[in-house]
Amino acid sequence: MEGNIGELGQYIGVGLTAFGMGFAALGVGNVAGNFLAGALRNPSAAASQTATLFIGMAFAEALGIFSFLVALLLMFAV
């Protein structure tokens with residue numbers, strides 16, 4: 001087996017970080033989706049929940065992008 005054990009540990013850490021933050025993004029998206037599914041069962045409340053929908057989607061998307069950026073930082077900057 002060739003290579004440095006520290007480099008292997010770095011790749012494992014990057015993968016775990018990316019998976020952890022990626023699954024956090026899935027969780028935030030799931031929470032926002034379930035909230036909206038419950039809140040929008042009342043048709044009169046649908047118009048007031050648009051901002052909540054966009055905020056939930058933005059948080060889920062941001063966490064997914066942050067997981068990619070943190071993985072890149074850990075791989076190339078550390």
# chains A, B, ... in the order shown; residues from 1 in each chain; ligands from 1

call {"tool": "residues_around", "arguments": {"residues": "stretch 32-48 of chain A", "least_positions_apart": "5", "cutoff": "9 Å", "atoms": "only C-alpha atoms", "output": "list of chain:residue names"}}
result
A:Gly27, A:Leu53, A:Ile55, A:Gly56, A:Met57, A:Ala60

call {"tool": "select_by_dssp", "arguments": {"residues": "chain A", "states": "alpha helix (DSSP H)", "output": "PyMOL selection string"}}
result
chain A and resi 5-39+50-76

call {"tool": "atom_distance", "arguments": {"atom1": "atom CA of A:Ile5", "atom2": "atom CA of A:Phe66"}}
result
26.6 Å

call {"tool": "closest_residue", "arguments": {"among": "A:Val78, A:Ser67, A:Thr50, A:Ala18", "to": "A:Gly6", "atoms": "only C-alpha atoms"}}
result
A:Val78

call {"tool": "closest_residue", "arguments": {"among": "A:Leu8, A:Leu69, A:Leu63, A:Ala51", "to": "A:Gly22", "atoms": "only C-alpha atoms"}}
result
A:Leu63

call {"tool": "atom_distance", "arguments": {"atom1": "atom CA of A:Ala58", "atom2": "atom CA of A:Phe19"}}
result
18.9 Å
